[in-house]
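K.L.:
Can you keep this structure in mind? I'll have questions shortly.
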Amino acid sequence: MFPPANRGYEPEYREPELLTHAHGMAPAWQQDHAAQQRFDAFAPDADPEPGPPGDEEVTELAHVGLSKQERRRRVIRWGIYGSIVGFVLLPIAIFTIMYFFVDVPSPYEVAATQNKTVTYTYDDSSLMAKDMQSGNRVMLQPESITEVVKHAAMAAEDETFQTNPGFDILGILRAVKSQLTGGSGGGSTITQQYIKNATGDDDVTITRKATEIVTAFKLSNQMSKQEIITGYLNTIYFGRGAYGIQAAAQSYFGTDAEKLTTAQAAYLAGIIQAPSNGDEYSYVRERWNYVLDQMVQNQWISPSERASAKFPMPISLSKAEIPEFSGPRSNLKAALSEELASLGYSEEQVRSAGYTIHTTIDRRAQRIAENVVEQVMKGQPTKLHEAFVAQDPRTGGVKAYYGGPYDQTDYLNWADQARNPGSTMKAFDFVGALKLGIGPWHTYNGTSPRKFGDVVVRNSEGDQCPDCTVFEGMKRSINTVFYDMVYNDVHPRGVVKAAHQAGISNDSSVSDLDGNIAIGGGDNKITPQDMAAAYSTFAANGIRRDSHLVSKITTPDGDVVYQADRSGEPAFSPDPQKSKQIAGNVTMTLEPVLGHSDLRCGDGRDCAGKTGTHEAPGYPGQNSQAWMVGYARQICAAAWVGDSALEPATDKYGSPLYGSTLPGDIWQMFMNQYLDGTPELSFPEVEVIGEPPPPPPEPEPTYTTTTAPEETTTTTAPEETTTTTTEPEETTTTEEEDEPPGNGNGEGGSIFPG
């Protein structure tokens, strides 16, 4: 079976031949010239030493020694070896080296790094508040923290805490997958979170994460699980300026940590992920339910104990927060924290770094807003809630922010709650129409009722407006005009696009599948801050700027780590002039609304705006909430008043709620006080889009009386001629002018299934 010795050039041993060789086929190294060609293709520059005369091919292949297939196998094999070294052995070596160099901080060292002061300033850099954190922390021993508190923390943050080595491989892989798919979420164990608190480093880098994992592993080897979770609960931030579980128990429930109930422990554990939301009812309630369910799943509490748990209401924030952020300013503080978090600066990071937060809030504007809201809402039914946001159209900076008084009867930040916008939505309907070339003088059938598909739409108070121009329809807020505009021309998708272009953010909800968007009903809901931002775009001549409360963040040394962008961009068209024209056409239709609603800016200033209401479900003609949104060149403001249960609402005199009443009073008083002493700026003139305005009516004939020739020799001088000219606006009397304030503004109206 072996070939001839070939004069000593053959290797002493070769592997057995393939099965095909046993049937007369010569081995590969004895085949025809194709073998040499394959070798040349692989190594064309090879120049092996020549063998004995007459046997060149055998000599060359013997010198090579390996077939192409075998070479490929070796490349793959060494690639695997290299991968093992690169992905397994090398990380183990790095892990081992890092293990001996990382430091494990004690809880007391962690606490020392957290005692920083956060400073908040007004827009003129004057001091708003100082948040000093030292003095409220108590370092508890393991036996002073009950098992129910520890289990609640584990249920919320790390169910495998008692068994993992300081990190959770599956959790890390889930977090990596979430990040790669555009999601969020940590995968950090309680031990890793403790390390993160100790370092104050939350950068999303492989180096930082690797160091954290190694340190967590070392910590798990040097401290018991009881010591780790105690240190964690003593150093973690819970919101309300409270570091550690003892301070949190006092701040939220006025009790000691060892006396916390299961429900209270679940509340505090639930807010660990987002302590700045510790007073946001909807968020806290959702997390509270999650923690309790996880405690049942891990058999830390029984199903019956879970079923009997009642949501614990925290004590008033004014008793726990710093004085400058008490009462209604608690919601301002919450809004600042939420915006900082959206920028990537958690409240815990801000505190540990001791940053200075430069806000956009104007001291005078904030004081005016608080005083005006208090004055208008004094004595009103407690079921009514209110919100007010004022924004500078030229920068996007929020100048005044009021989300409610914040007490046990008004738990939510109403400036951040999305509500049905009612007829204030009609401005965005019209933007969509303007982009199609439909202008203020275009006419629609504004009679009532009208049927659109299966939906019947009615105007408020049965108002009728046949051959109604958009001008007239906006002034009188004719529902059928704008439903027709959206149903037949703009379509819901066009309204949604216009709203987002103006500045309605994802914090609000507008649906391109809901025809009710035309008159601000259905599932379409917008926050007061978003509404102020969107109408600011009209005031800024079509330039949209992001609404913001944080203008800058600086370190204690004065280094700027964040600067807000105030430049803006054209909202409704890439062409700034076209965007300005669209915004100007909206403004010219909104200016008459104020006079029709008995609202105006003082000193004859140019102002524009829109009222709106939303009916109480099941109570046709009775409103549950109302809006007034309007602007001058310098400021735009949105005022909202409503019933939280969406039941019929009346004021303290029993009068119905309209946009021109309580929210209108708040808006008008604020605007006049804020604008007092400022320059009077006019809205710019723009070209009308669409049809031109109708020609003015022909003037009536002018009659001149002269004295008879026989009675005098002169005629009466021209300037003494009596001329009677009837101006059209002086002879036209519209029915709605005699209606009580609010009626005829489209406030209410109705849509009923056909």
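Labels for the structure tokens follow display order: chains A, B, ..., residues from 1 in each chain, ligands from 1.
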Which of range 295-372 of chain A counts as helix (DSSP H, G or I) under DSSP, as a PyMOL selection string please?
P.N.:
chain A and resi 295-297+303-308+317-319+323-325+329-342+347-353+363-372
K.L.:
Find the spatial neighbours of Gln273 in chain A, counting only C-alpha atoms, within a cut-off of 12 Å - ignore same-chain residues fewer than 4 positions away - and output them as a compact mmCIF listing (two decimals) with C-alpha atoms, in the first residue's frame.
P.N.:
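Done, and the output landed in out04.txt:
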# COMPACT_ATOMS: atom_id res chain seq x y z
CA ALA A 153 -35.36 46.30 48.27
CA ALA A 156 -37.39 45.97 43.56
CA GLU A 157 -33.73 45.83 42.55
CA ASP A 158 -32.11 42.38 42.79
CA GLY A 185 -32.32 49.04 31.84
CA GLY A 186 -29.52 48.19 34.05
CA SER A 188 -26.94 45.96 38.01
CA ILE A 190 -27.61 45.68 44.64
CA GLN A 193 -25.42 49.80 42.77
CA ILE A 236 -28.88 55.09 48.67
CA TYR A 237 -30.89 58.20 47.74
CA PHE A 238 -34.70 58.12 48.05
CA GLY A 239 -35.71 61.61 46.93
CA TYR A 267 -43.31 52.31 48.46
CA LEU A 268 -39.74 53.31 49.35
CA ALA A 269 -38.16 50.34 47.56
CA ASN A 277 -40.41 60.57 40.87
CA GLY A 278 -40.97 59.74 44.51
CA TYR A 283 -45.32 56.22 38.84
CA VAL A 284 -45.14 55.37 42.53
CA ARG A 287 -43.85 50.55 41.19
CA VAL A 291 -42.63 45.36 44.36
CA ALA A 341 -32.91 63.03 34.44
CA SER A 346 -30.04 61.78 37.87
CA GLU A 347 -30.83 63.59 41.09
CA GLU A 348 -28.36 61.36 42.86
K.L.:
I need the residue nearest Ala564 in chain A from this list: A:Gly612, A:Pro693, A:Gly397, A:Gly618. Use only C-alpha atoms for the distance.
P.N.:
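Among the listed residues, A:Gly397 lies closest to Ala564 in chain A.
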K.L.:
Between CA of Thr117 in chain A and CA of Thr191 in chain A, what is the distance, to one decimal in Å?
P.N.:
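Separation of CA of Thr117 in chain A and CA of Thr191 in chain A: 26.1 Å.
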K.L.:
What lies within 12 Å of Ser224 in chain A using only C-alpha atoms, ignoring chain neighbours under 5 positions off, as a count of residues only?
P.N.:
13
K.L.:
Which polymer residues have any atom within 7 Å of an atom of Thr356 in chain A, counting only C-alpha atoms, with same-chain residues fewer than 5 positions away left out, as a list in words?
P.N.:
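Within the cut-off, the hits are Val118, Thr119, Tyr120, Ile553, Thr554, Thr555 and Pro556 of chain A.
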K.L.:
Write out the residues from the selection above, keeping C-alpha atoms, as a PDB file, in the first residue's frame.
P.N.:
ATOM      1  CA  VAL A 118     -26.721  71.593  45.165  1.00  0.00           C
ATOM      2  CA  THR A 119     -27.454  75.210  44.218  1.00  0.00           C
ATOM      3  CA  TYR A 120     -30.392  76.390  42.103  1.00  0.00           C
ATOM      4  CA  ILE A 553     -25.262  73.040  34.687  1.00  0.00           C
ATOM      5  CA  THR A 554     -21.916  73.927  36.277  1.00  0.00           C
ATOM      6  CA  THR A 555     -19.528  72.225  38.674  1.00  0.00           C
ATOM      7  CA  PRO A 556     -18.524  73.781  42.024  1.00  0.00           C
TER       8      PRO A 556
END
K.L.:
Which of these residues is nearest to Leu292 in chain A, using only C-alpha atoms: A:Asp123, A:Glu305, A:Glu258, A:Glu324?
P.N.:
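Among A:Asp123, A:Glu305, A:Glu258, A:Glu324, it is A:Glu305 that comes nearest to Leu292 in chain A.
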K.L.:
Considering only C-alpha atoms, return as a list in words whatever protein or nucleic-acid residues lie within 12 Å of Glu159 in chain A, sequence-local ones (same chain, fewer than 6 positions apart) excluded.
P.N.:
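Near neighbours after the sequence-gap exclusion: Lys150, His151, Ala152, Ala153, Phe167, Asp168, Gly171, Gly187, Ser188, Thr189, Ile190, Thr191, Val291, Gln294, Met295, Val296, Gln297, Asn298, Gln299 and Trp300 of chain A.
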K.L.:
How would the residues just chosen look if you wrote them out with N, CA, C and O atoms as an mmCIF file, in the first residue's frame?
P.N.:
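Output file selection_32.cif is given in full below:
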data_model
loop_
_atom_site.group_PDB
_atom_site.id
_atom_site.type_symbol
_atom_site.label_atom_id
_atom_site.label_comp_id
_atom_site.auth_asym_id
_atom_site.auth_seq_id
_atom_site.Cartn_x
_atom_site.Cartn_y
_atom_site.Cartn_z
ATOM 1 N N LYS A 150 -35.602 44.888 53.826
ATOM 2 C CA LYS A 150 -34.560 44.290 52.991
ATOM 3 C C LYS A 150 -35.165 43.510 51.831
ATOM 4 O O LYS A 150 -34.693 43.598 50.687
ATOM 5 N N HIS A 151 -36.217 42.733 52.123
ATOM 6 C CA HIS A 151 -36.853 41.956 51.066
ATOM 7 C C HIS A 151 -37.515 42.860 50.032
ATOM 8 O O HIS A 151 -37.518 42.548 48.832
ATOM 9 N N ALA A 152 -38.074 43.977 50.468
ATOM 10 C CA ALA A 152 -38.683 44.915 49.522
ATOM 11 C C ALA A 152 -37.622 45.471 48.573
ATOM 12 O O ALA A 152 -37.846 45.589 47.359
ATOM 13 N N ALA A 153 -36.448 45.793 49.117
ATOM 14 C CA ALA A 153 -35.360 46.297 48.275
ATOM 15 C C ALA A 153 -34.895 45.236 47.284
ATOM 16 O O ALA A 153 -34.639 45.524 46.105
ATOM 17 N N PHE A 167 -22.484 40.094 41.082
ATOM 18 C CA PHE A 167 -22.978 40.477 39.769
ATOM 19 C C PHE A 167 -23.803 39.330 39.207
ATOM 20 O O PHE A 167 -23.701 38.185 39.653
ATOM 21 N N ASP A 168 -24.624 39.647 38.216
ATOM 22 C CA ASP A 168 -25.538 38.660 37.641
ATOM 23 C C ASP A 168 -25.279 38.606 36.141
ATOM 24 O O ASP A 168 -25.611 39.542 35.404
ATOM 25 N N GLY A 171 -28.345 38.926 34.056
ATOM 26 C CA GLY A 171 -28.837 40.300 34.088
ATOM 27 C C GLY A 171 -28.009 41.211 33.193
ATOM 28 O O GLY A 171 -28.551 42.085 32.508
ATOM 29 N N GLY A 187 -29.454 45.878 34.752
ATOM 30 C CA GLY A 187 -28.784 44.624 34.954
ATOM 31 C C GLY A 187 -27.845 44.681 36.131
ATOM 32 O O GLY A 187 -27.110 43.735 36.401
ATOM 33 N N SER A 188 -27.821 45.811 36.860
ATOM 34 C CA SER A 188 -26.939 45.964 38.015
ATOM 35 C C SER A 188 -27.570 45.328 39.247
ATOM 36 O O SER A 188 -28.751 45.507 39.521
ATOM 37 N N THR A 189 -26.746 44.617 39.995
ATOM 38 C CA THR A 189 -27.196 44.043 41.256
ATOM 39 C C THR A 189 -27.163 45.114 42.344
ATOM 40 O O THR A 189 -26.657 46.225 42.136
ATOM 41 N N ILE A 190 -27.680 44.762 43.503
ATOM 42 C CA ILE A 190 -27.613 45.681 44.640
ATOM 43 C C ILE A 190 -26.158 45.988 44.979
ATOM 44 O O ILE A 190 -25.810 47.137 45.295
ATOM 45 N N THR A 191 -25.286 44.983 44.903
ATOM 46 C CA THR A 191 -23.879 45.199 45.208
ATOM 47 C C THR A 191 -23.252 46.167 44.208
ATOM 48 O O THR A 191 -22.486 47.067 44.585
ATOM 49 N N VAL A 291 -43.442 45.856 43.253
ATOM 50 C CA VAL A 291 -42.627 45.360 44.365
ATOM 51 C C VAL A 291 -43.410 44.335 45.186
ATOM 52 O O VAL A 291 -42.878 43.265 45.525
ATOM 53 N N GLN A 294 -43.611 41.048 43.358
ATOM 54 C CA GLN A 294 -42.338 40.330 43.390
ATOM 55 C C GLN A 294 -42.072 39.717 44.763
ATOM 56 O O GLN A 294 -41.469 38.644 44.864
ATOM 57 N N MET A 295 -42.518 40.386 45.799
ATOM 58 C CA MET A 295 -42.350 39.834 47.147
ATOM 59 C C MET A 295 -43.185 38.567 47.320
ATOM 60 O O MET A 295 -42.742 37.605 47.971
ATOM 61 N N VAL A 296 -44.367 38.541 46.722
ATOM 62 C CA VAL A 296 -45.189 37.326 46.765
ATOM 63 C C VAL A 296 -44.516 36.214 45.967
ATOM 64 O O VAL A 296 -44.431 35.067 46.412
ATOM 65 N N GLN A 297 -44.023 36.540 44.778
ATOM 66 C CA GLN A 297 -43.399 35.546 43.913
ATOM 67 C C GLN A 297 -42.188 34.911 44.577
ATOM 68 O O GLN A 297 -41.920 33.722 44.381
ATOM 69 N N ASN A 298 -41.455 35.680 45.359
ATOM 70 C CA ASN A 298 -40.280 35.153 46.057
ATOM 71 C C ASN A 298 -40.608 34.619 47.449
ATOM 72 O O ASN A 298 -39.702 34.300 48.212
ATOM 73 N N GLN A 299 -41.893 34.573 47.762
ATOM 74 C CA GLN A 299 -42.383 34.013 49.030
ATOM 75 C C GLN A 299 -41.871 34.778 50.243
ATOM 76 O O GLN A 299 -41.622 34.212 51.305
ATOM 77 N N TRP A 300 -41.704 36.089 50.072
ATOM 78 C CA TRP A 300 -41.323 36.932 51.200
ATOM 79 C C TRP A 300 -42.541 37.475 51.934
ATOM 80 O O TRP A 300 -42.429 37.899 53.073
#
K.L.:
Do a neighbour search on range 443-450 of chain A at 9 Å with only C-alpha atoms, toss out local chain neighbours closer than 2 positions, and write the hits as number ranges by chain.
P.N.:
A: 440-441, 452, 455-460, 462-471, 473, 478-482, 484-485
K.L.:
When you draw a straight line from CA of Lys497 in chain A to CA of Pro592 in chain A, how long is it in Å?
P.N.:
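Between CA of Lys497 in chain A and CA of Pro592 in chain A the gap is 25.7 Å.
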K.L.:
Could you check which of A:Thr359, A:Gln529, A:Thr395, A:Thr146 is closest to Thr262 in chain A, using only C-alpha atoms?
P.N.:
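Closest residue, counting only C-alpha atoms: A:Thr146.
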K.L.:
With distances taken over only C-alpha atoms, which residue among A:Trp627, A:Phe253, A:Phe683, A:Tyr232 lies nearest Met588 in chain A?
P.N.:
A:Phe683
K.L.:
I'd like the interatomic distance between CA of Trp640 in chain A and CA of Phe388 in chain A, to a tenth of an Å.
P.N.:
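One can read the CA of Trp640 in chain A to CA of Phe388 in chain A distance as 6.5 Å.
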